[in-house]
Structures are given as structure tokens and as C-alpha cells.
file protein.csv (CSV, C-alpha atoms)
chain,number,residue,atom,x,y,z
A,1,MET,CA,0.0,0.0,0.0
A,2,ALA,CA,1.3,3.5,-0.8
A,3,ASN,CA,2.4,5.6,2.1
A,4,ARG,CA,-0.1,8.1,3.5
A,5,ILE,CA,1.2,11.4,4.6
A,6,ILE,CA,-0.2,14.2,6.7
A,7,THR,CA,1.4,17.6,6.5
A,8,ILE,CA,0.6,20.1,9.2
A,9,SER,CA,1.3,23.8,8.6
A,10,ARG,CA,0.6,25.9,11.6
A,11,GLN,CA,0.7,29.4,13.0
A,12,PHE,CA,3.2,29.9,15.8
A,13,GLY,CA,1.7,29.0,19.1
A,14,SER,CA,-1.4,27.3,17.7
A,15,GLY,CA,-0.4,23.9,19.0
A,16,GLY,CA,0.1,22.4,15.5
A,17,ARG,CA,3.1,20.6,16.7
A,18,THR,CA,1.3,19.0,19.6
A,19,ILE,CA,-1.5,18.0,17.4
A,20,GLY,CA,1.0,16.4,15.0
A,21,LYS,CA,2.6,14.4,17.8
A,22,LEU,CA,-0.7,13.2,19.3
A,23,LEU,CA,-2.0,12.3,15.9
A,24,GLY,CA,1.1,10.3,15.1
A,25,GLU,CA,0.8,8.4,18.4
A,26,GLN,CA,-2.9,7.7,17.8
A,27,LEU,CA,-2.3,6.5,14.3
A,28,GLY,CA,0.9,4.6,15.1
A,29,ILE,CA,3.0,6.5,12.6
A,30,PRO,CA,6.0,8.7,13.2
A,31,CYS,CA,5.6,12.5,13.4
A,32,TYR,CA,8.6,14.5,12.1
A,33,ASP,CA,9.2,17.9,13.6
A,34,ASN,CA,12.4,18.2,15.6
A,35,GLU,CA,13.5,14.9,14.1
A,36,LEU,CA,13.6,16.7,10.8
A,37,ILE,CA,15.9,19.3,12.2
A,38,GLU,CA,18.2,16.5,13.4
A,39,LYS,CA,18.3,14.9,10.0
A,40,LEU,CA,18.9,18.2,8.4
A,41,ALA,CA,21.8,18.9,10.9
A,42,GLU,CA,23.3,15.5,10.0
A,43,GLU,CA,23.1,15.9,6.3
A,44,SER,CA,23.9,19.6,6.0
A,45,GLY,CA,26.6,19.9,8.7
A,46,CYS,CA,24.8,22.9,10.1
A,47,ASP,CA,24.0,23.7,13.7
A,48,LYS,CA,20.6,22.6,14.9
A,49,LYS,CA,19.7,26.0,16.3
A,50,TYR,CA,20.6,27.6,13.0
A,51,ILE,CA,18.5,25.2,11.1
A,52,ALA,CA,15.5,25.6,13.4
A,53,GLU,CA,15.6,29.3,12.6
A,54,GLN,CA,16.8,29.4,8.9
A,55,GLY,CA,14.8,26.3,7.7
A,56,GLU,CA,11.4,27.9,8.2
A,57,TYR,CA,11.7,31.6,8.8
A,58,ALA,CA,12.9,34.4,6.5
A,59,SER,CA,15.9,36.0,8.3
A,60,HIS,CA,15.3,39.2,10.2
A,61,SER,CA,17.6,41.0,7.9
A,62,ASN,CA,16.0,39.9,4.7
A,63,TRP,CA,12.4,39.1,5.3
A,64,PHE,CA,11.4,42.4,3.9
A,65,VAL,CA,13.3,41.6,0.7
A,66,ASN,CA,11.9,38.1,0.6
A,67,ALA,CA,8.4,39.3,1.2
A,68,PHE,CA,8.5,41.3,-2.0
A,69,SER,CA,10.7,39.1,-4.1
A,70,THR,CA,9.1,37.1,-6.8
A,71,GLY,CA,11.9,34.6,-7.3
A,72,ARG,CA,15.2,33.5,-6.0
A,73,SER,CA,18.4,35.3,-6.7
A,74,ALA,CA,21.1,33.8,-9.0
A,75,HIS,CA,23.3,33.4,-5.9
A,76,PRO,CA,22.0,30.6,-3.7
A,77,SER,CA,22.1,31.6,0.0
A,78,ASN,CA,22.7,29.4,3.0
A,79,GLN,CA,18.9,29.3,3.2
A,80,ASP,CA,18.7,28.0,-0.3
A,81,TYR,CA,21.2,25.3,0.5
A,82,LEU,CA,19.2,24.2,3.5
A,83,TRP,CA,16.0,24.4,1.5
A,84,SER,CA,17.3,21.9,-1.1
A,85,ILE,CA,18.4,19.4,1.6
A,86,GLN,CA,15.2,19.9,3.5
A,87,ARG,CA,13.3,19.2,0.3
A,88,LYS,CA,15.2,16.0,-0.4
A,89,ILE,CA,14.7,14.7,3.1
A,90,ILE,CA,11.0,15.4,3.0
A,91,LEU,CA,10.6,13.7,-0.4
A,92,ARG,CA,12.6,10.7,0.9
A,93,LEU,CA,10.5,10.4,4.1
A,94,ALA,CA,7.3,10.4,2.1
A,95,GLU,CA,8.7,7.6,0.0
A,96,GLN,CA,9.8,5.6,3.0
A,97,GLU,CA,6.8,5.5,5.2
A,98,SER,CA,3.4,6.9,6.3
A,99,CYS,CA,4.1,9.8,8.6
A,100,VAL,CA,3.0,13.2,9.9
A,101,ILE,CA,5.3,16.1,8.9
A,102,VAL,CA,5.0,19.4,10.8
A,103,GLY,CA,5.9,22.6,9.0
A,104,ARG,CA,8.8,23.2,6.6
A,105,CYS,CA,6.7,23.7,3.6
A,106,ALA,CA,6.1,20.0,3.4
A,107,ASP,CA,2.6,20.6,2.1
A,108,TYR,CA,4.1,22.4,-0.9
A,109,ILE,CA,7.0,20.0,-1.4
A,110,LEU,CA,4.6,17.0,-1.4
A,111,ARG,CA,1.9,18.8,-3.5
A,112,GLU,CA,2.1,16.2,-6.3
A,113,LYS,CA,1.7,13.3,-4.0
A,114,THR,CA,-1.9,12.1,-4.1
A,115,ASP,CA,-2.1,10.5,-0.7
A,116,CYS,CA,-1.2,13.5,1.3
A,117,LEU,CA,-3.6,15.2,3.6
A,118,ARG,CA,-2.7,18.9,3.9
A,119,VAL,CA,-3.7,20.5,7.2
A,120,PHE,CA,-3.4,24.1,8.5
A,121,ILE,CA,-3.8,24.8,12.2
A,122,HIS,CA,-4.4,28.3,13.5
A,123,ALA,CA,-5.8,30.1,16.6
A,124,ASP,CA,-6.6,33.7,17.5
A,125,MET,CA,-3.9,35.9,18.9
A,126,GLU,CA,-5.1,35.7,22.5
A,127,LYS,CA,-5.1,31.9,22.7
A,128,ARG,CA,-1.7,31.7,21.0
A,129,ALA,CA,-0.2,34.4,23.3
A,130,GLU,CA,-1.4,32.4,26.3
A,131,ARG,CA,0.1,29.3,24.9
A,132,ILE,CA,3.6,30.6,24.1
A,133,VAL,CA,3.9,32.3,27.5
A,134,LYS,CA,3.0,29.0,29.2
A,135,LEU,CA,5.4,27.0,26.9
A,136,TYR,CA,8.3,29.4,26.5
A,137,GLY,CA,7.9,31.8,29.4
A,138,GLU,CA,7.7,35.6,29.4
A,139,SER,CA,10.3,37.7,27.6
A,140,ASP,CA,11.0,41.4,27.2
A,141,VAL,CA,9.0,41.5,24.0
A,142,SER,CA,5.2,41.1,24.4
A,143,PRO,CA,3.8,37.7,23.2
A,144,GLU,CA,1.7,39.5,20.6
A,145,LYS,CA,4.8,41.1,19.1
A,146,ARG,CA,6.6,37.8,19.1
A,147,LEU,CA,3.7,36.1,17.4
A,148,ARG,CA,3.4,38.8,14.8
A,149,ASP,CA,7.1,38.7,14.1
A,150,LYS,CA,7.1,34.9,13.7
A,151,ASP,CA,4.0,34.8,11.5
A,152,LYS,CA,5.4,37.5,9.3
A,153,ARG,CA,8.7,35.7,8.8
A,154,ARG,CA,7.2,32.2,8.4
A,155,SER,CA,4.8,33.6,5.8
A,156,ALA,CA,7.6,35.4,4.0
A,157,TYR,CA,9.7,32.3,3.9
A,158,TYR,CA,6.8,30.2,2.6
A,159,ARG,CA,6.0,32.8,-0.1
A,160,PHE,CA,9.6,33.0,-1.1
A,161,TYR,CA,10.1,29.2,-1.6
A,162,THR,CA,6.6,28.3,-2.8
A,163,ASP,CA,5.3,31.3,-4.7
A,164,THR,CA,2.0,30.8,-3.0
A,165,GLU,CA,0.3,32.3,0.1
A,166,TRP,CA,0.6,30.8,3.5
A,167,GLY,CA,-2.8,30.3,5.3
A,168,LEU,CA,-5.1,30.5,2.4
A,169,ALA,CA,-7.9,28.0,2.9
A,170,GLU,CA,-7.8,26.7,-0.6
A,171,GLN,CA,-4.3,25.4,-0.2
A,172,TYR,CA,-5.3,22.8,2.4
A,173,HIS,CA,-7.7,19.9,2.6
A,174,ILE,CA,-8.7,21.0,6.0
A,175,THR,CA,-7.9,24.0,8.3
A,176,LEU,CA,-8.8,24.1,12.0
A,177,ASP,CA,-9.0,26.7,14.7
A,178,SER,CA,-7.3,24.9,17.6
A,179,GLY,CA,-8.1,27.8,19.9
A,180,ALA,CA,-11.9,27.5,19.4
A,181,LEU,CA,-12.1,23.7,18.8
A,182,GLY,CA,-9.4,22.5,21.3
A,183,ILE,CA,-6.4,20.4,20.6
A,184,GLU,CA,-8.1,17.1,21.3
A,185,LYS,CA,-11.0,17.7,19.0
A,186,CYS,CA,-8.6,18.6,16.2
A,187,VAL,CA,-6.7,15.4,16.7
A,188,GLU,CA,-9.9,13.4,16.7
A,189,ILE,CA,-11.1,15.0,13.4
A,190,LEU,CA,-7.8,14.4,11.7
A,191,ALA,CA,-7.5,10.8,12.9
A,192,LYS,CA,-11.0,10.1,11.6
A,193,LEU,CA,-10.1,11.7,8.2
A,194,TYR,CA,-6.9,9.8,7.8
B,1,MET,CA,-30.3,27.2,25.7
B,2,ALA,CA,-28.8,29.8,23.4
B,3,ASN,CA,-29.2,29.3,19.6
B,4,ARG,CA,-26.3,27.6,17.9
B,5,ILE,CA,-25.5,28.8,14.4
B,6,ILE,CA,-23.4,27.4,11.6
B,7,THR,CA,-22.4,29.8,8.8
B,8,ILE,CA,-21.1,28.3,5.6
B,9,SER,CA,-19.1,30.5,3.2
B,10,ARG,CA,-18.2,28.7,0.0
B,11,GLN,CA,-16.5,29.0,-3.3
B,12,PHE,CA,-18.9,28.9,-6.2
B,13,GLY,CA,-19.5,25.3,-7.3
B,14,SER,CA,-17.9,23.7,-4.2
B,15,GLY,CA,-21.1,22.2,-3.0
B,16,GLY,CA,-21.3,24.4,0.1
B,17,ARG,CA,-25.0,24.9,-0.4
B,18,THR,CA,-25.6,21.1,-0.6
B,19,ILE,CA,-23.5,20.6,2.5
B,20,GLY,CA,-25.6,23.2,4.3
B,21,LYS,CA,-28.9,21.6,3.3
B,22,LEU,CA,-27.7,18.0,4.3
B,23,LEU,CA,-26.2,19.3,7.5
B,24,GLY,CA,-29.5,21.1,8.4
B,25,GLU,CA,-31.5,17.9,7.7
B,26,GLN,CA,-29.2,15.8,9.8
B,27,LEU,CA,-29.2,18.2,12.7
B,28,GLY,CA,-32.9,18.9,12.4
B,29,ILE,CA,-32.4,22.6,12.1
B,30,PRO,CA,-33.3,24.9,9.2
B,31,CYS,CA,-30.8,25.9,6.5
B,32,TYR,CA,-31.2,29.3,5.1
B,33,ASP,CA,-30.0,29.9,1.6
B,34,ASN,CA,-32.7,30.6,-1.0
B,35,GLU,CA,-35.1,31.1,1.9
B,36,LEU,CA,-33.0,34.1,2.8
B,37,ILE,CA,-33.5,35.5,-0.7
B,38,GLU,CA,-37.2,35.2,-0.3
B,39,LYS,CA,-37.2,37.0,3.0
B,40,LEU,CA,-35.0,39.7,1.5
B,41,ALA,CA,-37.4,40.0,-1.4
B,42,GLU,CA,-40.3,40.4,1.0
B,43,GLU,CA,-38.7,43.0,3.2
B,44,SER,CA,-36.9,45.0,0.5
B,45,GLY,CA,-39.5,44.9,-2.2
B,46,CYS,CA,-36.8,43.9,-4.7
B,47,ASP,CA,-36.9,41.2,-7.3
B,48,LYS,CA,-35.5,37.8,-6.2
B,49,LYS,CA,-33.2,37.5,-9.2
B,50,TYR,CA,-31.8,40.9,-8.5
B,51,ILE,CA,-31.2,40.0,-4.9
B,52,ALA,CA,-29.5,36.7,-5.7
B,53,GLU,CA,-27.0,38.6,-7.7
B,54,GLN,CA,-26.7,41.9,-5.8
B,55,GLY,CA,-26.8,40.5,-2.3
B,56,GLU,CA,-23.6,38.6,-2.6
B,57,TYR,CA,-21.6,39.7,-5.6
B,58,ALA,CA,-19.9,42.9,-6.5
B,59,SER,CA,-21.6,44.2,-9.7
B,60,HIS,CA,-19.9,43.6,-12.9
B,61,SER,CA,-19.6,47.3,-13.5
B,62,ASN,CA,-18.2,48.2,-10.1
B,63,TRP,CA,-16.3,45.1,-8.8
B,64,PHE,CA,-13.0,46.7,-9.8
B,65,VAL,CA,-13.9,49.8,-7.8
B,66,ASN,CA,-15.1,47.7,-4.9
B,67,ALA,CA,-12.0,45.6,-5.0
B,68,PHE,CA,-9.8,48.6,-4.3
B,69,SER,CA,-12.1,50.7,-2.2
B,70,THR,CA,-11.3,50.8,1.5
B,71,GLY,CA,-14.7,52.0,2.6
B,72,ARG,CA,-18.2,52.8,1.5
B,73,SER,CA,-19.0,56.0,-0.3
B,74,ALA,CA,-21.2,58.6,1.3
B,75,HIS,CA,-24.0,57.8,-1.1
B,76,PRO,CA,-25.6,54.4,-0.2
B,77,SER,CA,-26.2,52.3,-3.3
B,78,ASN,CA,-29.0,49.8,-3.9
B,79,GLN,CA,-26.4,47.2,-2.8
B,80,ASP,CA,-25.9,49.1,0.5
B,81,TYR,CA,-29.7,49.1,1.0
B,82,LEU,CA,-29.9,45.4,0.4
B,83,TRP,CA,-26.8,44.8,2.7
B,84,SER,CA,-28.5,46.6,5.6
B,85,ILE,CA,-31.7,44.6,5.3
B,86,GLN,CA,-29.7,41.4,4.8
B,87,ARG,CA,-27.8,42.1,7.9
B,88,LYS,CA,-30.9,42.7,10.0
B,89,ILE,CA,-32.5,39.5,8.7
B,90,ILE,CA,-29.5,37.4,9.5
B,91,LEU,CA,-29.1,38.9,13.0
B,92,ARG,CA,-32.8,38.2,13.6
B,93,LEU,CA,-32.6,34.6,12.4
B,94,ALA,CA,-29.7,34.0,14.8
B,95,GLU,CA,-31.8,35.4,17.6
B,96,GLN,CA,-34.8,33.3,16.7
B,97,GLU,CA,-33.4,29.8,16.3
B,98,SER,CA,-30.5,27.5,15.8
B,99,CYS,CA,-29.8,27.2,12.0
B,100,VAL,CA,-27.4,26.9,9.2
B,101,ILE,CA,-26.9,30.1,7.1
B,102,VAL,CA,-25.2,29.8,3.7
B,103,GLY,CA,-23.2,32.7,2.3
B,104,ARG,CA,-24.2,36.4,2.4
B,105,CYS,CA,-21.3,37.3,4.8
B,106,ALA,CA,-23.2,35.7,7.7
B,107,ASP,CA,-19.9,34.7,9.2
B,108,TYR,CA,-18.9,38.4,9.4
B,109,ILE,CA,-22.4,39.6,10.5
B,110,LEU,CA,-22.5,37.1,13.4
B,111,ARG,CA,-18.8,37.5,14.3
B,112,GLU,CA,-19.6,38.7,17.8
B,113,LYS,CA,-21.9,35.7,18.5
B,114,THR,CA,-20.1,33.1,20.6
B,115,ASP,CA,-22.1,30.1,19.6
B,116,CYS,CA,-21.5,30.3,15.9
B,117,LEU,CA,-19.4,27.8,14.0
B,118,ARG,CA,-17.8,29.5,11.0
B,119,VAL,CA,-17.2,27.2,8.0
B,120,PHE,CA,-15.6,27.7,4.6
B,121,ILE,CA,-16.0,25.2,1.8
B,122,HIS,CA,-13.8,25.1,-1.3
B,123,ALA,CA,-12.6,22.7,-4.0
B,124,ASP,CA,-10.2,22.8,-6.9
B,125,MET,CA,-11.1,24.4,-10.2
B,126,GLU,CA,-11.5,21.0,-12.0
B,127,LYS,CA,-13.9,19.6,-9.5
B,128,ARG,CA,-16.0,22.8,-9.3
B,129,ALA,CA,-16.1,23.1,-13.1
B,130,GLU,CA,-17.4,19.5,-13.3
B,131,ARG,CA,-20.0,20.4,-10.7
B,132,ILE,CA,-21.4,23.6,-12.3
B,133,VAL,CA,-21.7,22.0,-15.7
B,134,LYS,CA,-23.6,19.2,-14.2
B,135,LEU,CA,-25.9,21.5,-12.2
B,136,TYR,CA,-26.3,24.5,-14.4
B,137,GLY,CA,-25.4,23.1,-17.8
B,138,GLU,CA,-22.9,24.3,-20.4
B,139,SER,CA,-22.8,27.9,-21.6
B,140,ASP,CA,-20.8,30.0,-24.1
B,141,VAL,CA,-18.4,30.9,-21.4
B,142,SER,CA,-16.0,28.2,-20.2
B,143,PRO,CA,-16.8,26.9,-16.7
B,144,GLU,CA,-13.3,28.0,-15.5
B,145,LYS,CA,-14.0,31.6,-16.6
B,146,ARG,CA,-17.5,31.5,-15.0
B,147,LEU,CA,-15.9,30.3,-11.7
B,148,ARG,CA,-13.1,32.8,-11.8
B,149,ASP,CA,-15.6,35.6,-12.4
B,150,LYS,CA,-17.9,34.5,-9.6
B,151,ASP,CA,-15.0,34.1,-7.2
B,152,LYS,CA,-13.6,37.4,-8.0
B,153,ARG,CA,-17.0,39.2,-7.5
B,154,ARG,CA,-17.9,37.3,-4.4
B,155,SER,CA,-14.5,38.1,-2.9
B,156,ALA,CA,-14.8,41.8,-3.9
B,157,TYR,CA,-18.2,42.0,-2.3
B,158,TYR,CA,-17.0,40.4,0.9
B,159,ARG,CA,-14.0,42.6,1.1
B,160,PHE,CA,-16.1,45.7,0.5
B,161,TYR,CA,-18.6,45.0,3.2
B,162,THR,CA,-16.4,43.3,5.8
B,163,ASP,CA,-13.0,44.9,5.3
B,164,THR,CA,-11.5,41.4,5.6
B,165,GLU,CA,-10.3,38.8,3.2
B,166,TRP,CA,-12.6,36.0,1.9
B,167,GLY,CA,-11.1,32.5,2.1
B,168,LEU,CA,-8.3,33.2,4.7
B,169,ALA,CA,-8.1,30.1,6.9
B,170,GLU,CA,-7.9,32.2,10.1
B,171,GLN,CA,-11.3,33.7,9.6
B,172,TYR,CA,-13.0,30.3,10.0
B,173,HIS,CA,-13.2,27.6,12.7
B,174,ILE,CA,-12.9,25.0,10.0
B,175,THR,CA,-12.4,25.0,6.2
B,176,LEU,CA,-12.8,21.9,4.1
B,177,ASP,CA,-11.9,20.9,0.6
B,178,SER,CA,-15.1,19.3,-0.5
B,179,GLY,CA,-13.5,18.1,-3.8
B,180,ALA,CA,-10.9,16.0,-2.1
B,181,LEU,CA,-12.9,14.9,1.0
B,182,GLY,CA,-16.3,14.5,-0.6
B,183,ILE,CA,-19.6,16.2,0.3
B,184,GLU,CA,-20.7,13.4,2.7
B,185,LYS,CA,-17.5,13.4,4.7
B,186,CYS,CA,-17.8,17.2,5.1
B,187,VAL,CA,-21.3,16.9,6.4
B,188,GLU,CA,-20.2,14.2,8.8
B,189,ILE,CA,-17.3,16.2,10.2
B,190,LEU,CA,-19.5,19.3,10.7
B,191,ALA,CA,-22.4,17.4,12.2
B,192,LYS,CA,-19.9,15.9,14.7
B,193,LEU,CA,-18.5,19.3,15.5
B,194,TYR,CA,-21.8,21.0,16.1

call {"tool": "encode", "arguments": {"input": "protein.csv", "output": "C-alpha cells"}}
result
Amino acid sequence: MANRIITISRQFGSGGRTIGKLLGEQLGIPCYDNELIEKLAEESGCDKKYIAEQGEYASHSNWFVNAFSTGRSAHPSNQDYLWSIQRKIILRLAEQESCVIVGRCADYILREKTDCLRVFIHADMEKRAERIVKLYGESDVSPEKRLRDKDKRRSAYYRFYTDTEWGLAEQYHITLDSGALGIEKCVEILAKLY
Amino acid sequence: MANRIITISRQFGSGGRTIGKLLGEQLGIPCYDNELIEKLAEESGCDKKYIAEQGEYASHSNWFVNAFSTGRSAHPSNQDYLWSIQRKIILRLAEQESCVIVGRCADYILREKTDCLRVFIHADMEKRAERIVKLYGESDVSPEKRLRDKDKRRSAYYRFYTDTEWGLAEQYHITLDSGALGIEKCVEILAKLY
């Protein structure tokens, strides 16, 4: 039987990663999130912290340029290098086994694969702010500002590498508001759909 | 117990109306779609066909203006007149009873109501083209062009009256690809969520 993949794109702080983990456990298939970073570190020779940041977010210095760029420059950046390895790893994973993959434009990378359920998880600002303070603690910057910054850079990264918009309903088979519906309900719906 | 409302926004040809009807039947609550047009006709004194067109689509002549307008003009148009009656009817329905309401910016009009599940239904161009040809027959204009035109005008109408984007995942509690998941599966998921 062909592998069946679930990709989960998510707003920062929406609990998309937790949903992926719980879903993987419930379905008895692996969920790749940090594991993907480890694989990337291994194959690229880059530092994990660097990958976590560069493999999904437009850099602080260039998100503005990325946001308005319509294509990639002739000179591949470190981010382009990471993107190409990331792409290869995700395609390989999808070949190897049924799994859940969180973030990293996997929805786009696997867009030609028929048996792939594309999911987007989001929640309102208040719920996400509550969640990131609980998970990552307070910081000098307000949680709202942290969320807006992360969203902006994630969306710019996505647009840059995929030429499509992040968070548009029509890109996904299903999108869920985890703040209103609750994490468990989201897992339940997705497990049923699988 | 307070009324519980489901609003269904939908791309043209995605089967959102059918999903609303089936969902209403399954839950034993009314689904307002054409019924809304009849109520509007009654209260506005306008023709039903005119309402079906003007109560949800930016007019052909002014969709371009609407699309780039940031607010309403000082002179209310017929469309503004219809909008205000439509708004009143939808608010009244939500006060009166639990129900499903299809289209007509009901999601926006009822945005302050806590017990309202906001749904968006979409499908890819191919599936929708197939569906509208089956439902409404062929015409001189290609189904793809008909769909693009309807989407554009619905989205311009929505933007004009709500100042927000139509079809952005984060505006809805759940969005579903009816083409990939199938109409029945969509109804099942929504009935469970209610």
C-alpha cells in the first residue's frame, strides 16, 4: 500500500506541533518535527539552532526583501542550500513510510503526491499568546509582538520558496482553529479523516 | 439554551449549499439559503433574481472599484440598501433559532456571537467546473471563466462590506476541501463538531 502522509502547517503558538505528535501516536505512525531538524543537521553539517531558525523563517535582515521578491536570486544563500536538503529529506521520508510532517513547507514539497492530507492549524492571537507564555515563558518582548514577528517571517519564507500564500484555505484539505475547537478535537477529526 | 448557528461560506461550485442543506437535515435545524433571498425580497420589495445577484456579488460594473475601495461611499447604493436589510434578517434569524446560514457574509455579520461555527468550503477548479456544468449546464463561457468571475466578484463583495479577506483560513473555525474529501465526509465532520 502506498504511504499516506499528513502535513501540518501551523501558526506559531497554535499547538500544531502537539496536534501532530498526538495524531502520530494515535495512528501509530511517526511524526517529524524536531526529528527533521536533526536529520537536516546531520546531512547539512549545520548547527541545529541555526536550522530551526533558517529552515522555516525568513531571516530578520532579509524578510522584507523576501516578502516582495518574486523569485530567487542567482546566488544561492545558505537558506537556499538548507531548502534543497530539506526538500530532499521530506521527499525521501514520504517515499519511505506513512508519517506526519510538521511545518517546513512539506505541504508544498509534497503537493504532487496524491495520498497526502494537507492541514493548517491556527488560533486567535489571545489563545496563542497564552500558549507561548506557558510554553516558552515571558520575555522582554510582548507575546503579541513575538507572534506577529514569527508569523510574518514564516509567511515570507513560505511565499519565497513556494510562490503561494501561507494560510489561504484553498491550499489545504482542512484547516482548523485549535483555539476554538481545542487540541483534542482537532486530533480526533484528523485521525478520523486519515 | 442559546441558539447555535453554523455559517457556511463557500466558493462557487464547491457544493457548500448542498453541504448546508444536508447538515441542516441531519441536525434537524433549518438551513437558510434561497429562503434568505425570499425573506429579503419580501422585506426590501426587490426582485428575487436581482437580490440573488446583488446580495452577494460585487456588480460587474463596479467590482473593480469595490475591490480597491477601503470604505463605503457617502451615497448608499442599492447594494448598500440590500446589505442593511440582509444584515438585519441574519441577526434576527440568529436570535430566533438554531440554524445553518449559507453565504451572504453571515460569518462576518455574526462574528460577535459566541455560539457560531464559521465554516468555509472550497474545491479545486477542476472539481468545481465539473459540478457547475452538471448543475447549471454548459454555456458559451467556459466553466473555468465562470468560476473565476464569480469568485472574484464574491470576494470583492466580501472585502467591500467586511474589510477582511474572503477565504483566509484564520477567519473560520474550519475549512474543508469538498472536492478532495467529498460532500458526505464534510457533512459528517460538521455534524460531529456541532

call {"tool": "atom_distance", "arguments": {"input": "protein.csv", "atom1": "CA of Gln171 in chain B", "atom2": "CA of Lys185 in chain B"}}
result
21.8 Å

call {"tool": "closest_residue", "arguments": {"input": "protein.csv", "among": "B:Lys145, B:Lys21, B:His122, B:Lys134", "to": "Ile6 in chain B", "atoms": "only C-alpha atoms"}}
result
B:Lys21

call {"tool": "residues_around", "arguments": {"input": "protein.csv", "residues": "Arg104 in chain B", "least_positions_apart": "3", "cutoff": "10 Å", "atoms": "only C-alpha atoms", "output": "list of chain:residue names"}}
result
B:Thr7, B:Ile8, B:Ser9, B:Asp33, B:Leu36, B:Ile37, B:Ala52, B:Gly55, B:Glu56, B:Tyr57, B:Trp83, B:Gln86, B:Arg87, B:Ile90, B:Ile101, B:Asp107, B:Tyr108, B:Ile109, B:Arg154, B:Tyr157, B:Tyr158

call {"tool": "atom_distance", "arguments": {"input": "protein.csv", "atom1": "CA of Glu170 in chain B", "atom2": "CA of Cys105 in chain B"}}
result
15.3 Å

call {"tool": "closest_atom_pairs", "arguments": {"input": "protein.csv", "of": "chain B", "to": "chain A", "cutoff": "7 Å", "atoms": "all atoms listed in the file", "output": "Markdown table"}}
result
| residue | atom | partner | partner_atom | distance |
| --- | --- | --- | --- | --- |
| B:His122 | CA | A:Glu170 | CA | 6.2 |
| B:Gly167 | CA | A:Ala169 | CA | 5.6 |
| B:Leu168 | CA | A:Leu168 | CA | 4.8 |
| B:Ala169 | CA | A:Ala169 | CA | 4.5 |
| B:Glu170 | CA | A:His122 | CA | 6.2 |
| B:His173 | CA | A:Asp177 | CA | 4.7 |
| B:Ile174 | CA | A:Leu176 | CA | 4.6 |
| B:Thr175 | CA | A:Thr175 | CA | 5.1 |
| B:Leu176 | CA | A:Ile174 | CA | 4.6 |
| B:Asp177 | CA | A:His173 | CA | 4.8 |
| B:Ala180 | CA | A:His173 | CA | 6.9 |

call {"tool": "residues_around", "arguments": {"input": "protein.csv", "residues": "Gln26 in chain B", "least_positions_apart": "5", "cutoff": "10 Å", "atoms": "only C-alpha atoms", "output": "short mmCIF file (atom, residue, chain, number, x, y, z; two decimals) with C-alpha atoms, in the coordinates of the input"}}
result
data_model
loop_
_atom_site.label_atom_id
_atom_site.label_comp_id
_atom_site.auth_asym_id
_atom_site.auth_seq_id
_atom_site.Cartn_x
_atom_site.Cartn_y
_atom_site.Cartn_z
CA GLY B 20 -25.60 23.20 4.30
CA LYS B 21 -28.90 21.60 3.30
CA VAL B 187 -21.30 16.90 6.40
CA GLU B 188 -20.20 14.20 8.80
CA ALA B 191 -22.40 17.40 12.20
#
